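**Q** Following this message is one structure expressed as C-alpha cells.
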Amino acid sequence: MIVIRLDRVLADRKMRLNDLAAQVGISNVNLSYLKTGKVKAIRFSTLDAICRVLHCQPGDILEYTQEDSETDS
C-alpha cells in the first residue's frame, strides 16, 4: 500500500496547502484529495512540481507499507 505523507512534508516546511496549490498550479480540492490519500494516481508532472516547490524527493511524500493479506482457510 502506498501512503501519502504530504501533510508531514508541508508541516516540516511550514507551508499551507493553499500556498502549495497556488505554486504548483493545482486546485486546493485536488491537492487535498492527494493529501488525504483519496486518489488512485498522480501524474509525474504534478509530483515533479510538488517536489520542486517543497525541495524534497518523491520518497519524502510517498511511502510504501506492506499490507497484511488474509488468506482463505
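By order of appearance in the C-alpha cells: chains A, B, ..., then residues from 1 within every chain, and ligands from 1 in the order shown.
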Excluding Asp19 in chain A and its own-chain neighbours fewer than 2 positions away, which residues fall within 12 Å of it when counting only C-alpha atoms? Please give them as a list in words.

**A**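 Final neighbour list, sorted by chain and number: Leu10, Arg13, Lys14, Met15, Arg16, Leu17, Ala21, Ala22, Gln23, Val24, Gly25, Ile26, Ser27, Asn28, Leu31, Ile50, Val53 and Leu54 of chain A.
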
**Q** If you run DSSP on this backbone, which residues of chain A come out as strand (DSSP E), and could you give them as a list of chain:residue names?

**A** A:Ile2, A:Val3, A:Ile4, A:Leu62, A:Glu63, A:Tyr64

**Q** Which distance in Å separates CA of Gly37 in chain A and CA of Asp12 in chain A, to one decimal?

**A**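 According to the coordinates, CA of Gly37 in chain A and CA of Asp12 in chain A are separated by 18.7 Å.
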
**Q** So that I can check the surroundings of Thr65 in chain A, please list as a PyMOL selection string every protein, DNA and RNA residue that reaches within 12 Å of it, counting only C-alpha atoms and ignoring chain neighbours fewer than 3 positions away.

**A** chain A and resi 1-5+62+68

**Q** What is the CA of Val29 in chain A to CA of Gly59 in chain A distance in Å?

**A**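 We find that CA of Val29 in chain A and CA of Gly59 in chain A lie 22.7 Å from each other.
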
**Q** When you draw a straight line from CA of Ile61 in chain A to CA of Val9 in chain A, how long is it in Å?

**A** 6.8 Å
